[in-house]
Structure formats: structure tokens, C-alpha cells
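Q: If it helps, the file is called data39.cif and holds mmCIF, C-alpha atoms:
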```cif
data_data
loop_
_atom_site.label_atom_id
_atom_site.label_comp_id
_atom_site.auth_asym_id
_atom_site.auth_seq_id
_atom_site.Cartn_x
_atom_site.Cartn_y
_atom_site.Cartn_z
CA MET C 23 130.79 23.71 84.93
CA ASN C 24 134.37 22.99 86.04
CA LEU C 25 136.74 25.84 85.11
CA GLU C 26 139.74 24.62 87.10
CA THR C 27 142.73 24.59 84.75
CA SER C 28 146.50 24.85 85.01
CA PHE C 29 146.29 27.18 81.96
CA ALA C 30 144.10 29.76 83.74
CA GLU C 31 146.49 32.71 83.39
CA GLU C 32 147.22 31.98 79.71
CA VAL C 33 143.49 31.67 78.97
CA ILE C 34 142.83 34.97 80.76
CA GLY C 35 145.62 36.59 78.72
CA ILE C 36 143.97 35.45 75.46
CA LEU C 37 140.58 36.71 76.67
CA GLU C 38 142.10 40.10 77.54
CA ASP C 39 143.73 40.26 74.09
CA ALA C 40 140.31 39.63 72.54
CA GLN C 41 138.80 42.43 74.63
CA ASP C 42 141.51 44.80 73.39
CA VAL C 43 140.25 44.39 69.81
CA GLY C 44 136.56 44.47 70.74
CA ILE C 45 135.82 40.73 70.53
CA ASN C 46 133.65 39.97 73.57
CA HIS C 47 131.82 36.68 72.92
CA VAL C 48 133.40 33.27 73.39
CA VAL C 49 132.35 29.62 73.04
CA PHE C 50 134.32 26.74 74.55
CA PRO C 51 134.00 23.01 75.41
CA LEU C 52 134.62 21.55 78.88
CA VAL C 53 135.23 18.19 80.51
CA PRO C 54 134.58 15.37 79.83
CA SER C 55 134.97 16.51 76.20
CA ILE C 56 138.45 17.88 77.00
CA SER C 57 140.81 17.34 79.92
CA GLU C 58 141.02 21.03 80.90
CA LEU C 59 140.40 24.41 79.29
CA LYS C 60 143.31 25.66 77.16
CA PRO C 61 143.75 28.75 74.92
CA GLN C 62 143.21 26.76 71.70
CA HIS C 63 139.74 25.70 72.87
CA LEU C 64 138.36 29.26 72.74
CA ALA C 65 136.28 30.35 69.73
CA PHE C 66 135.66 34.12 69.57
CA PHE C 67 132.81 36.06 67.93
CA ASP C 68 131.86 39.69 67.34
CA THR C 69 128.23 39.23 68.40
CA MET C 70 126.28 37.07 70.83
CA GLY C 71 124.07 35.86 67.98
CA ALA C 72 127.01 34.52 66.00
CA ALA C 73 128.40 32.84 69.12
CA LEU C 74 125.10 31.14 69.99
CA LYS C 75 124.62 29.98 66.39
CA TYR C 76 128.08 28.39 66.47
CA LEU C 77 127.36 26.79 69.87
CA GLU C 78 124.11 25.29 68.53
CA SER C 79 125.92 23.82 65.50
CA LYS C 80 128.64 22.24 67.65
CA ALA C 81 126.51 21.03 70.56
CA PRO C 82 125.79 17.59 69.00
CA TYR C 83 129.53 16.88 69.08
CA TYR C 84 129.77 17.48 72.85
CA LEU C 85 127.30 15.06 74.39
CA PRO C 86 125.89 15.73 77.89
CA ARG C 87 126.94 13.51 80.77
CA GLY C 88 123.40 12.36 81.48
CA PRO C 89 119.69 12.70 80.58
CA GLY C 90 118.38 16.25 80.88
CA MET C 91 121.88 17.76 81.15
CA GLN C 92 123.31 20.41 78.87
CA PRO C 93 125.94 19.58 76.22
CA GLU C 94 129.49 20.17 77.37
CA ILE C 95 129.99 23.30 75.27
CA TRP C 96 129.35 26.78 76.66
CA TYR C 97 128.91 30.45 75.80
CA ARG C 98 130.22 33.31 77.94
CA HIS C 99 130.86 37.03 77.62
CA THR C 100 134.63 37.54 77.97
CA ASP C 101 134.23 39.63 81.17
CA GLN C 102 132.16 36.91 82.81
CA LEU C 103 134.55 34.13 81.85
CA ILE C 104 137.59 36.10 83.09
CA ASN C 105 135.91 36.67 86.48
CA GLU C 106 134.86 33.02 86.80
CA LEU C 107 138.36 31.79 85.96
CA LYS C 108 139.91 34.11 88.55
CA GLN C 109 137.52 32.94 91.29
CA VAL C 110 137.73 29.22 90.56
CA ASN C 111 141.51 29.11 90.17
CA ARG C 112 142.25 31.50 93.07
CA LEU C 113 144.91 33.48 91.27
CA THR C 114 147.04 35.48 93.69
CA LYS C 115 150.34 37.31 93.58
CA GLN C 116 153.38 35.34 94.76
CA GLU C 117 156.73 37.12 94.86
CA THR C 118 158.59 33.79 95.02
CA MET C 119 157.41 32.90 91.51
CA ASN C 120 159.46 35.60 89.76
CA ARG C 121 162.66 33.60 89.37
CA ASN C 122 160.87 30.45 88.25
CA ASN C 123 158.80 32.54 85.85
CA TRP C 124 161.95 33.88 84.20
CA GLU C 125 163.34 30.36 83.84
CA ASN C 126 160.09 29.25 82.21
CA ILE C 127 160.05 32.24 79.84
CA GLN C 128 163.69 31.59 78.93
CA ASP C 129 162.97 27.93 78.16
CA GLU C 130 159.91 28.85 76.07
CA MET C 131 161.85 31.38 74.01
CA LYS C 132 164.63 28.86 73.38
CA GLN C 133 162.06 26.31 72.18
CA LEU C 134 160.65 28.95 69.83
CA ARG C 135 164.19 29.69 68.53
CA PHE C 136 164.45 33.34 69.58
CA SER C 137 167.99 34.72 69.47
CA PRO C 138 170.06 35.05 72.68
CA GLN C 139 169.99 38.85 72.22
CA THR C 140 166.18 38.89 72.23
CA ILE C 141 166.03 36.61 75.28
CA GLU C 142 168.39 38.98 77.12
CA GLU C 143 166.20 41.94 76.14
CA VAL C 144 163.23 40.19 77.75
CA ARG C 145 165.19 39.47 80.95
CA GLN C 146 166.11 43.13 81.34
CA LYS C 147 162.53 44.31 80.84
CA MET C 148 161.17 41.73 83.28
CA GLU C 149 163.68 42.89 85.89
CA LYS C 150 162.37 46.44 85.51
CA GLY C 151 158.85 45.24 86.27
CA ILE C 152 157.35 46.60 83.04
CA THR C 153 153.81 45.21 83.03
CA GLU C 154 153.46 44.96 79.23
CA PHE C 155 156.24 45.13 76.66
CA THR C 156 157.54 43.85 73.33
CA ALA C 157 160.88 42.32 72.35
CA HIS C 158 162.33 42.23 68.85
CA ASP C 159 164.23 39.85 66.62
CA GLN C 160 165.23 39.86 62.95
CA ILE C 161 165.78 37.10 60.39
CA LYS C 162 167.34 37.63 56.99
CA GLY C 163 165.24 35.77 54.43
CA SER C 164 165.57 35.01 50.74
CA LYS C 165 162.69 37.41 49.99
CA GLY C 166 163.63 40.25 52.31
CA LEU C 167 164.06 40.97 56.01
CA VAL C 168 161.66 39.43 58.53
CA ASP C 169 161.04 41.52 61.65
CA VAL C 170 159.78 39.61 64.68
CA THR C 171 157.91 41.27 67.56
CA ALA C 172 157.12 39.18 70.65
CA HIS C 173 154.39 40.40 73.03
CA PHE C 174 154.71 39.94 76.80
CA ARG C 175 152.14 40.73 79.46
CA GLN C 176 152.22 40.45 83.21
CA SER C 177 149.20 38.77 84.76
CA GLY C 178 146.83 41.03 86.65
CA GLN C 179 146.58 38.35 89.33
CA SER C 180 150.23 37.42 89.85
CA ASP C 181 153.75 38.61 89.01
CA ASN C 182 154.08 36.07 86.20
CA TYR C 183 154.77 37.13 82.64
CA TYR C 184 153.37 35.31 79.62
CA LEU C 185 154.33 35.10 75.97
CA ASN C 186 151.11 34.38 74.09
CA LYS C 187 151.94 35.63 70.59
CA PHE C 188 154.52 37.12 68.26
CA ASP C 189 154.17 39.02 64.98
CA VAL C 190 156.29 38.68 61.86
CA ALA C 191 156.60 41.33 59.13
CA LEU C 192 158.29 40.67 55.78
CA ASN C 193 159.73 43.82 54.22
CA THR C 194 162.43 44.77 51.75
CA GLY C 195 164.59 46.61 54.28
CA LYS C 196 168.20 45.83 55.03
CA ALA C 197 169.35 44.46 58.38
CA LEU C 198 170.36 47.15 60.86
CA GLU C 199 174.03 47.62 61.55
CA GLU C 200 175.26 46.64 65.00
CA GLY C 201 174.10 49.21 67.56
CA HIS C 202 171.88 51.11 65.09
CA LYS C 203 168.18 51.93 65.41
CA TYR C 204 165.48 53.73 63.47
CA PHE C 205 164.39 57.10 64.84
CA VAL C 206 161.29 59.21 64.26
CA ILE C 207 162.31 62.76 65.14
CA SER C 208 159.88 65.66 65.58
CA PRO C 209 160.17 69.22 66.98
CA ASN C 210 159.31 69.62 70.65
CA GLU C 211 156.48 72.15 70.69
CA GLN C 212 156.89 72.67 74.43
CA GLN C 213 160.62 73.41 74.15
CA PRO C 214 161.40 75.29 70.91
CA GLY C 215 164.76 74.36 69.41
CA LYS C 216 164.68 70.84 70.83
CA ASN C 217 163.42 67.57 69.33
CA ILE C 218 161.45 64.56 70.50
CA SER C 219 162.63 61.19 69.19
CA LYS C 220 161.25 57.67 69.39
CA SER C 221 163.46 54.68 68.55
CA PHE C 222 162.56 51.42 66.78
CA ILE C 223 164.28 48.16 65.87
CA ASN C 224 161.49 47.07 63.53
CA VAL C 225 161.49 49.08 60.28
CA SER C 226 157.79 48.39 59.68
CA GLU C 227 156.87 49.87 63.06
CA ALA C 228 159.15 52.85 62.43
CA ILE C 229 157.55 53.60 59.04
CA SER C 230 154.03 53.15 60.43
CA PHE C 231 154.70 55.53 63.34
CA PHE C 232 156.35 58.07 61.03
CA LYS C 233 153.35 58.11 58.68
CA GLU C 234 151.05 58.85 61.64
CA GLN C 235 152.79 62.15 62.40
CA LYS C 236 150.79 65.33 61.76
CA GLY C 237 153.45 68.01 61.65
CA ASP C 238 157.11 68.24 60.62
CA SER C 239 159.00 65.00 61.20
CA LYS C 240 161.77 62.83 59.83
CA LEU C 241 162.63 59.14 59.80
CA ALA C 242 166.32 58.37 60.26
CA VAL C 243 168.71 55.54 61.10
CA GLY C 244 171.88 55.52 63.20
CA LYS C 245 173.38 54.91 66.63
CA ASP C 246 171.55 57.88 68.15
CA ALA C 247 169.03 60.50 67.07
CA GLY C 248 171.63 63.26 67.00
CA HIS C 249 173.84 61.52 64.43
CA ALA C 250 171.28 59.57 62.40
CA THR C 251 171.06 59.53 58.60
CA GLU C 252 167.78 60.84 57.20
CA LEU C 253 165.67 58.29 55.29
CA ALA C 254 162.38 60.20 54.89
CA ALA C 255 160.88 63.55 55.87
CA MET C 256 157.48 65.22 56.04
CA LYS C 257 156.24 68.78 56.36
CA SER C 258 152.89 69.60 57.91
CA GLY C 259 151.96 65.92 57.88
CA LYS C 260 152.78 65.29 54.21
CA VAL C 261 155.75 63.20 53.09
CA ASP C 262 157.98 65.33 50.84
CA TYR C 263 161.19 63.25 50.73
CA VAL C 264 162.23 59.60 50.69
CA GLU C 265 165.87 58.60 50.24
CA LYS C 266 166.18 56.75 46.91
CA SER C 267 167.64 53.47 48.21
CA PHE C 268 164.97 53.38 50.95
CA GLU C 269 162.01 54.11 48.67
CA ARG C 270 161.06 50.51 47.91
CA THR C 271 161.03 49.64 51.62
CA PHE C 272 159.04 52.78 52.41
CA ARG C 273 156.44 52.38 49.66
CA THR C 274 155.88 48.62 49.83
CA PRO C 275 153.62 47.52 52.70
CA ALA C 276 155.08 44.71 54.80
CA GLN C 277 153.38 41.32 54.77
CA THR C 278 152.39 40.53 58.36
CA GLN C 279 151.09 37.60 60.38
CA THR C 280 150.46 36.93 64.08
CA PHE C 281 151.38 33.54 65.54
CA PHE C 282 149.90 32.41 68.87
CA VAL C 283 151.95 30.19 71.15
CA GLU C 284 151.29 28.26 74.33
CA ARG C 285 154.07 27.61 76.86
CA GLY C 286 156.71 27.52 74.15
CA ARG C 287 154.64 25.36 71.80
CA GLY C 288 153.62 26.55 68.38
CA PHE C 289 155.37 27.69 65.21
CA THR C 290 158.97 28.66 65.91
CA VAL C 291 160.38 32.01 64.81
CA GLU C 292 162.26 30.22 62.02
CA GLN C 293 159.09 28.49 60.80
CA ALA C 294 157.05 31.70 61.01
CA ALA C 295 159.68 33.61 58.99
CA ASN C 296 159.52 30.94 56.28
CA LEU C 297 155.71 30.90 56.24
CA ILE C 298 155.50 34.67 55.69
CA GLN C 299 157.89 34.22 52.74
CA GLY C 300 155.40 31.84 51.12
CA ARG C 301 156.98 28.51 52.02
CA SER C 302 155.46 25.43 53.65
CA VAL C 303 156.19 24.10 57.14
CA TYR C 304 155.63 20.61 58.56
CA ARG C 305 154.18 20.13 62.05
CA ASP C 306 153.43 16.79 63.74
CA ASP C 307 152.04 18.36 66.94
CA LEU C 308 148.98 20.24 65.66
CA LEU C 309 145.83 19.81 67.75
CA ASN C 310 142.20 19.63 66.71
CA LEU C 311 139.36 21.05 68.81
CA ALA C 312 139.17 17.86 70.85
CA GLY C 313 142.87 18.15 71.70
CA ASN C 314 144.00 15.24 69.53
CA PRO C 315 147.33 15.65 67.72
CA TYR C 316 147.76 15.35 63.96
CA ALA C 317 150.48 16.00 61.36
CA ALA C 318 150.26 18.32 58.36
CA TRP C 319 152.14 20.68 56.10
CA VAL C 320 150.95 24.26 56.58
CA LYS C 321 151.12 27.16 54.11
CA LEU C 322 149.71 30.69 54.36
CA ASP C 323 147.00 31.42 51.80
CA PHE C 324 148.04 34.71 50.21
CA ASP C 325 145.37 34.39 47.52
CA SER C 326 142.46 34.78 49.95
CA PRO C 327 141.49 37.87 51.99
CA LYS C 328 142.82 38.18 55.52
CA ASP C 329 140.52 37.23 58.38
CA ARG C 330 138.95 39.73 60.80
CA TYR C 331 142.12 39.66 62.91
CA GLN C 332 144.17 40.70 59.84
CA ASN C 333 145.83 37.32 59.54
CA TYR C 334 146.17 35.14 56.47
CA THR C 335 144.25 31.89 56.64
CA THR C 336 146.16 28.64 56.12
CA ASN C 337 146.07 25.70 53.77
CA GLN C 338 146.88 22.31 55.31
CA TYR C 339 148.06 19.13 53.61
CA HIS C 340 147.62 16.28 56.06
CA VAL C 341 150.23 13.56 56.48
CA PRO C 342 150.06 10.78 55.42
CA SER C 343 146.61 11.07 53.82
CA TYR C 344 147.58 13.82 51.34
CA GLY C 345 150.39 11.71 49.96
CA PHE C 346 153.51 13.83 50.48
CA THR C 347 156.33 12.93 52.84
CA THR C 348 159.77 14.53 52.97
CA LYS C 349 161.87 11.38 52.81
CA GLU C 350 159.96 9.85 49.90
CA ALA C 351 160.15 13.10 47.94
CA LEU C 352 163.91 13.44 48.49
CA GLU C 353 164.66 9.83 47.58
CA LYS C 354 163.28 10.37 44.06
CA PHE C 355 166.21 12.68 43.23
CA ASN C 356 169.99 12.41 42.88
CA ILE C 357 170.80 14.29 46.09
CA LYS C 358 174.19 13.30 47.53
CA GLU C 359 173.37 14.34 51.10
CA MET C 360 170.76 11.56 51.21
CA ASN C 361 173.61 9.00 51.08
CA ASP C 362 174.77 10.07 54.56
CA THR C 363 172.36 9.25 57.41
CA VAL C 364 173.33 12.24 59.55
CA LYS C 365 173.23 14.70 56.65
CA ALA C 366 169.94 13.25 55.44
CA GLU C 367 168.26 13.74 58.81
CA LYS C 368 169.55 17.31 59.02
CA LEU C 369 168.36 18.01 55.47
CA MET C 370 164.86 16.66 56.10
CA LYS C 371 164.49 18.67 59.31
CA SER C 372 165.58 21.85 57.57
CA ILE C 373 163.10 21.36 54.73
CA GLU C 374 160.28 20.60 57.19
CA ASN C 375 161.03 23.87 58.99
CA GLY C 376 160.37 25.65 55.70
CA ASN C 377 163.98 26.41 54.83
CA ARG C 378 165.71 26.32 51.43
CA PRO C 379 168.80 24.22 52.23
CA LEU C 380 171.68 23.90 49.78
CA VAL C 381 172.15 20.39 48.32
CA THR C 382 174.56 18.72 45.93
CA THR C 383 173.20 17.06 42.79
CA VAL C 384 174.40 16.31 39.24
CA LYS C 385 173.76 18.23 36.02
CA ASP C 386 175.37 17.41 32.68
CA GLY C 387 177.72 15.01 34.46
CA GLN C 388 178.98 17.66 36.88
CA ASP C 389 178.28 18.17 40.60
CA ILE C 390 176.33 21.36 41.23
CA GLN C 391 174.76 22.93 44.31
CA LEU C 392 171.14 24.06 44.33
CA PHE C 393 168.65 25.27 46.89
CA ILE C 394 165.55 23.13 47.39
CA GLU C 395 162.23 23.63 49.15
CA ALA C 396 159.11 21.58 49.76
CA SER C 397 155.98 22.07 47.64
CA PRO C 398 153.50 19.74 49.40
CA ARG C 399 150.51 21.07 47.47
CA TYR C 400 151.96 19.50 44.31
CA ARG C 401 153.69 16.65 46.19
CA GLN C 402 157.02 17.86 44.85
CA LEU C 403 160.31 19.59 45.61
CA ASN C 404 161.37 22.84 43.95
CA PHE C 405 164.98 23.47 42.86
CA PHE C 406 166.66 26.90 42.64
CA GLN C 407 170.02 28.23 41.55
CA GLU C 408 171.96 30.30 44.08
CA ASN C 409 170.69 33.48 42.40
CA GLY C 410 167.09 32.33 42.95
CA LYS C 411 166.38 31.26 39.36
CA PRO C 412 164.28 28.05 39.26
CA GLU C 413 165.56 24.80 37.73
CA LYS C 414 163.41 22.06 36.20
CA ARG C 415 163.28 19.32 38.77
CA GLU C 416 162.88 16.48 36.26
CA GLN C 417 166.53 16.62 35.22
CA PHE C 418 167.60 15.60 38.74
CA LEU C 419 165.37 12.53 39.08
CA LYS C 420 167.03 9.17 39.67
CA GLU C 421 164.74 7.61 37.06
CA PRO C 422 163.71 9.59 33.94
CA LEU C 423 160.01 10.22 33.53
CA LEU C 424 158.17 7.54 31.56
CA ASP C 425 157.16 9.91 28.77
CA GLN C 426 160.79 11.01 28.39
CA LYS C 427 161.91 7.40 27.86
CA ILE C 428 159.10 6.77 25.39
CA GLY C 429 160.08 9.87 23.44
CA ILE C 430 163.70 8.76 23.26
CA ASN C 431 162.72 5.29 22.13
CA LYS C 432 160.56 6.72 19.34
CA GLY C 433 163.34 9.05 18.27
CA GLN C 434 161.17 12.10 18.70
CA GLY C 435 163.00 15.36 18.33
CA LYS C 436 160.34 17.56 19.80
CA GLU C 437 160.25 18.42 23.45
CA GLN C 438 158.27 15.97 25.60
CA GLU C 439 155.89 16.82 28.42
CA GLN C 440 157.98 17.16 31.57
CA GLY C 441 155.29 17.21 34.21
CA MET C 442 154.93 20.09 36.64
CA THR C 443 157.92 22.43 36.78
CA VAL C 444 158.66 25.29 39.09
#
```
Please, can you express the file's structure as C-alpha cells?
A:
Amino acid sequence: MNLETSFAEEVIGILEDAQDVGINHVVFPLVPSISELKPQHLAFFDTMGAALKYLESKAPYYLPRGPGMQPEIWYRHTDQLINELKQVNRLTKQETMNRNNWENIQDEMKQLRFSPQTIEEVRQKMEKGITEFTAHDQIKGSKGLVDVTAHFRQSGQSDNYYLNKFDVALNTGKALEEGHKYFVISPNEQQPGKNISKSFINVSEAISFFKEQKGDSKLAVGKDAGHATELAAMKSGKVDYVEKSFERTFRTPAQTQTFFVERGRGFTVEQAANLIQGRSVYRDDLLNLAGNPYAAWVKLDFDSPKDRYQNYTTNQYHVPSYGFTTKEALEKFNIKEMNDTVKAEKLMKSIENGNRPLVTTVKDGQDIQLFIEASPRYRQLNFFQENGKPEKREQFLKEPLLDQKIGINKGQGKEQEQGMTV
């Protein structure tokens, strides 16, 4: 079994993450079935029995290299695989890698569309030599505020840091003012008259930490703990006050999802923020188990239970087999931006990233601006007014629907079937 791989440290990081949540059984294919072991090739299981059952079902798809040889798919306990990877790939600390590592991390974060402020936060924490840390970003969405938390870990075998995943949380909170933070403030039992405070950028994390307190505590927001405005308070571990304008944010659980990335490849922060708001995102670089790329629209399935890792599963609409493409969908409608090549390309890219771009169309003979988004499941586009109210898409088609024309020709006064509307 050849475990030499240029992705050794990333794979070890994923295995260590699995250990942290008590998942200790892993199945994976190896060459010649794949070129080298990568994080996406790992399949994790709670029990050895489940792992071996999965291995047995997949073995026919990974043929052995010769008579009497085992199929090229394997089972390992996570501890064993971590040790084997370390030995085979000879991972050692190299001080000279620090600068290159920062450049790589910076490039990865730019590819994933993190803000310059978040990238600078990461640089400062790497310079301090913190072995494991998080960095935060925020995106204002049409359905609330999306908090982003990126997770960084330093390899146990070298000085290199790795970004393997980031979390998004959709909540109803407002964006923090410049220089402000959330604070959870509690009395210092060791020093009467003084307080202990912990600061947060992410409102979901602040609320969660506040609710875990057992004694007297308060949740506040401001530039520092000493001059922060109280948002919620508890006595003896029970919440007894929530500021009225903050109540919806406090009472409504955030929708969350974890996105795994590999060397800057994966869903961008922008795409992840749109997915958690219920929109669809197009990717042409998705990989199947064999490492072959394919294209599909992806949407989180909010109607099904979360998986054992507390993530929503996804629905995928493959391109071109499913029958929905961005350009063809846009060209059905009177959208003025499609008459300009540069604007059209920009519009299509924005829609494929899951955004709701503003377009110009015609209604009742007048130019109007509406937001649009992709609805690949129904092979359609959805139209919205600037206040979020939906518009019937049929009125913006270049060619009226056939049943509309038939109704007009027959002089029918009753409303005709319009097809699917938003």
C-alpha cells in the first residue's frame, strides 16, 4: 500500500478533526484507482462494522492489480493511518517554510474570497505562533447576517498552518459597528468587585457562550467591556432580560453549515453565504470519488434532517444532463444587460455564485429594475422587487407562453395558466 502523497499534512489534519468528534474508522482507495490520497477520498464511520460493510460494497469498483491481490480500497483506524502517513511521508519541522506557508495561506484565502481584514487577522495570529485558532468574517445577506469562522491548525509535524474548513451561520443580527465586539461579562469569583469578559465577533458564538454560563452574567456590545451596551442578562444561570430589538436574534437559532476546503479549492465564502440563505450555486470543478471533475448546481436541503456532523445534505442538478444552463435561462427574458457582452458575462457569473444581481427589464412599457436568482430545480429564474416581493416571471419573457397566446386568440377573459411562478 503506497501512502506517499503531497497532501499528507492536509489528510492528517482531516483525520485529526475526525478524532476530535469521535469518528475513528476510515475507508479510502489507493493507486492505481487514484493518483494519490487526498482529503476528499476519505470516508468516515462511527464503527468498524459500518466501515467494513462500506468497504465490501465498494471493493468491486476498485479492481486489484493482479490475481490473488486485494482490491485497491482499504480500511484503517484513524490513529493507525495517521502514524503510517507520518512515517511514509517523513514529515519534519522546517523553519524555512514559515514564509512560504504564509504566502500559500494568503493565496488560498484570496481564492476563497475572504476579506482583506480577515486575511490580516490570520497573518497576525500566525506570527504569534498560535498552534490552533479561528478567524472571522461577516457578509450582509438578503435574509440576515452571515457570520464566517475559518479554522486554522498548525501541523504537529511541521510549522505549516492549514485551512481545512470554515463555518457559516445565518442569523438575524445586525452588522457590528467599526471597532465593536460582543462581550460576555461575568463576576470574577477570585477577585470580588472585578469582572471577567470574553469578546466575540460572531454573534452566534457570543449567544451560545452566554447561554452556557451558570451564574450571573450579561451579554453586551461595544468597543470595550467597560463601556458596552447590555443586550441580555442572566441571574443564577437563568436568562431574565433580553433587549427588545435584540430579542429576535437571541431567540432564533442560527442556521449553520461547515464547508471543507483543500488548498484554496472549494466553495468560496460568497458561495457559502448564498447557500446558507437557501440559494443555488454552480460549480464546474466538483470531483467524484475517482477524482474526475463534473459540473452541477448545488443547493442545501433544508427539508431533510442534518447529517451526523450537523450539516445539511445537498441536492445537485448536474449540467448539462439536468437541462438548466445560466445563459439559456437568461436569454428567454427581456434582460437588457444580456445585450452587452461584458455585462452579460458578469451577470452570469454573479448568478452562478448564488447572488441576486439587479437587472433591467420592461414592465408595462417602462424600464424597471428587479433582482433575479437561479432556480435550477425548476429550470427557471426567479424575479424579485427591491423590497423582496416576488414578481411573476412570465411577464418578462421575450415570447409569451403558448397558452397565453391561445387565450388571447379565443378572447377568453379568465386568467390563463401561467406555468410555475415564484
Q: Running the PyMOL selection byres ((chain C and resi 403-413) around 12) on this model by hand, what would come out? Give it as a PyMOL selection string.
A: chain C and resi 164-165+301-302+346-355+357+370+373-374+376-383+385+390-402+414-419+442-444
Q: Go ahead and save the picked residues with C-alpha atoms, as an mmCIF file, in the coordinates of the input.
A:
```cif
data_model
loop_
_atom_site.group_PDB
_atom_site.id
_atom_site.type_symbol
_atom_site.label_atom_id
_atom_site.label_comp_id
_atom_site.auth_asym_id
_atom_site.auth_seq_id
_atom_site.Cartn_x
_atom_site.Cartn_y
_atom_site.Cartn_z
ATOM 1 C CA SER C 164 165.570 35.010 50.740
ATOM 2 C CA LYS C 165 162.690 37.410 49.990
ATOM 3 C CA ARG C 301 156.980 28.510 52.020
ATOM 4 C CA SER C 302 155.460 25.430 53.650
ATOM 5 C CA PHE C 346 153.510 13.830 50.480
ATOM 6 C CA THR C 347 156.330 12.930 52.840
ATOM 7 C CA THR C 348 159.770 14.530 52.970
ATOM 8 C CA LYS C 349 161.870 11.380 52.810
ATOM 9 C CA GLU C 350 159.960 9.850 49.900
ATOM 10 C CA ALA C 351 160.150 13.100 47.940
ATOM 11 C CA LEU C 352 163.910 13.440 48.490
ATOM 12 C CA GLU C 353 164.660 9.830 47.580
ATOM 13 C CA LYS C 354 163.280 10.370 44.060
ATOM 14 C CA PHE C 355 166.210 12.680 43.230
ATOM 15 C CA ILE C 357 170.800 14.290 46.090
ATOM 16 C CA MET C 370 164.860 16.660 56.100
ATOM 17 C CA ILE C 373 163.100 21.360 54.730
ATOM 18 C CA GLU C 374 160.280 20.600 57.190
ATOM 19 C CA GLY C 376 160.370 25.650 55.700
ATOM 20 C CA ASN C 377 163.980 26.410 54.830
ATOM 21 C CA ARG C 378 165.710 26.320 51.430
ATOM 22 C CA PRO C 379 168.800 24.220 52.230
ATOM 23 C CA LEU C 380 171.680 23.900 49.780
ATOM 24 C CA VAL C 381 172.150 20.390 48.320
ATOM 25 C CA THR C 382 174.560 18.720 45.930
ATOM 26 C CA THR C 383 173.200 17.060 42.790
ATOM 27 C CA LYS C 385 173.760 18.230 36.020
ATOM 28 C CA ILE C 390 176.330 21.360 41.230
ATOM 29 C CA GLN C 391 174.760 22.930 44.310
ATOM 30 C CA LEU C 392 171.140 24.060 44.330
ATOM 31 C CA PHE C 393 168.650 25.270 46.890
ATOM 32 C CA ILE C 394 165.550 23.130 47.390
ATOM 33 C CA GLU C 395 162.230 23.630 49.150
ATOM 34 C CA ALA C 396 159.110 21.580 49.760
ATOM 35 C CA SER C 397 155.980 22.070 47.640
ATOM 36 C CA PRO C 398 153.500 19.740 49.400
ATOM 37 C CA ARG C 399 150.510 21.070 47.470
ATOM 38 C CA TYR C 400 151.960 19.500 44.310
ATOM 39 C CA ARG C 401 153.690 16.650 46.190
ATOM 40 C CA GLN C 402 157.020 17.860 44.850
ATOM 41 C CA LYS C 414 163.410 22.060 36.200
ATOM 42 C CA ARG C 415 163.280 19.320 38.770
ATOM 43 C CA GLU C 416 162.880 16.480 36.260
ATOM 44 C CA GLN C 417 166.530 16.620 35.220
ATOM 45 C CA PHE C 418 167.600 15.600 38.740
ATOM 46 C CA LEU C 419 165.370 12.530 39.080
ATOM 47 C CA MET C 442 154.930 20.090 36.640
ATOM 48 C CA THR C 443 157.920 22.430 36.780
ATOM 49 C CA VAL C 444 158.660 25.290 39.090
#
```
Q: Run through the PyMOL selection byres ((chain C and resi 178) around 9) on the given coordinates and return the selected residues as a short mmCIF file (atom, residue, chain, number, x, y, z; two decimals) with C-alpha atoms, keeping the file's coordinate frame.
A:
```cif
data_model
loop_
_atom_site.label_atom_id
_atom_site.label_comp_id
_atom_site.auth_asym_id
_atom_site.auth_seq_id
_atom_site.Cartn_x
_atom_site.Cartn_y
_atom_site.Cartn_z
CA GLU C 31 146.49 32.71 83.39
CA THR C 114 147.04 35.48 93.69
CA LYS C 115 150.34 37.31 93.58
CA THR C 153 153.81 45.21 83.03
CA ARG C 175 152.14 40.73 79.46
CA GLN C 176 152.22 40.45 83.21
CA SER C 177 149.20 38.77 84.76
CA GLN C 179 146.58 38.35 89.33
CA SER C 180 150.23 37.42 89.85
CA ASP C 181 153.75 38.61 89.01
CA ASN C 182 154.08 36.07 86.20
#
```
Q: Let me know the residues the PyMOL selection byres ((chain C and resi 284) around 12) catches in the file above, as a PyMOL selection string.
A: chain C and resi 29-33+35-36+60-63+126-127+130-131+133-134+184-188+281-283+285-290
Q: Mind checking which residues fall within 8 Å of segment 122-124 of chain C, counting all atoms listed in the file, ignoring those fewer than 2 positions away in the same chain, and posting them as a list in words?
A: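 Those residues are Thr118, Met119, Asn120, Asn126, Ile127, Gln128, Arg145, Met148, Asn182 and Tyr183 of chain C.
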Q: Show me, as number ranges by chain, the residues that have an atom within 12 Å of Lys80 of chain C when counting all atoms listed in the file, minus same-chain residues fewer than 2 positions from it.
A: C: 49-51, 65, 73-78, 82-85, 93-97, 311-312
Q: Considering all atoms listed in the file, can you say which of C:His249, C:Lys220, C:Lys321, C:His173 comes closest to Phe155 of chain C?
A: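 When distances to Phe155 of chain C are compared using all atoms listed in the file, the smallest one comes from C:His173.
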Q: What does the distance from atom CA of Gln235 of chain C to atom CA of Glu143 of chain C come to in Å, to one decimal?
A: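 Taking atom CA of Gln235 of chain C and atom CA of Glu143 of chain C, their separation equals 27.9 Å.
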Q: Out of C:Leu241, C:Ser226, C:Val206, C:Phe174, which residue has the shortest atom-to-atom distance to Gly151 of chain C when counting all atoms listed in the file?
A: C:Phe174
Q: Within 9 Å of Leu103 of chain C, counting only C-alpha atoms, which residues show up once you throw out same-chain ones fewer than 3 positions away? Write them as a PyMOL selection string, please.
A: chain C and resi 34+37+48+98-100+106-108
Q: Padding 8 Å on every side, please: axis-aligned box over the listed atoms of segment 81-85 of chain C, centre and edge lengths to one decimal in Å, as lines of an AutoDock Vina configuration file.
A:
```
center_x = 127.8
center_y = 18.0
center_z = 71.7
size_x = 20.0
size_y = 22.0
size_z = 21.4
```
Q: Which residues come within 9 Å of Tyr263 of chain C, counting only C-alpha atoms, excluding same-chain residues fewer than 3 positions away, as an NGL selection string?
A: :C and (253-256)
Q: Can you find the residues with an atom no farther than 9 Å from (157.9, 63.7, 63.1), counting only C-alpha atoms, and report them as number ranges by chain?
A: C: 206-209, 218-219, 231-241, 255-257, 259
Q: Point out the residue among C:Met70, C:Leu309, C:Ala295, C:Val144 with the least atom-to-atom distance to Lys162 of chain C, counting all atoms listed in the file.
A: C:Ala295
Q: Compile the contact shell of Gly244 of chain C as JSON, numbers by chain: residues with an atom at most 12 Å away, counting only C-alpha atoms, same-chain residues fewer than 5 positions apart removed.
A: {"C": [198, 199, 200, 201, 202, 203, 204, 205, 206, 221, 222, 223, 249, 250, 251, 252, 253]}
Q: What's the separation between atom CA of Gln139 of chain C and atom CA of Gln160 of chain C, in Å to one decimal place?
A: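 Separating atom CA of Gln139 of chain C from atom CA of Gln160 of chain C is a distance of 10.5 Å.
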Q: Using Å and a single decimal, report how far atom CA of Lys266 of chain C sits from atom CA of Val243 of chain C.
A: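 These two atoms are separated by 14.5 Å.
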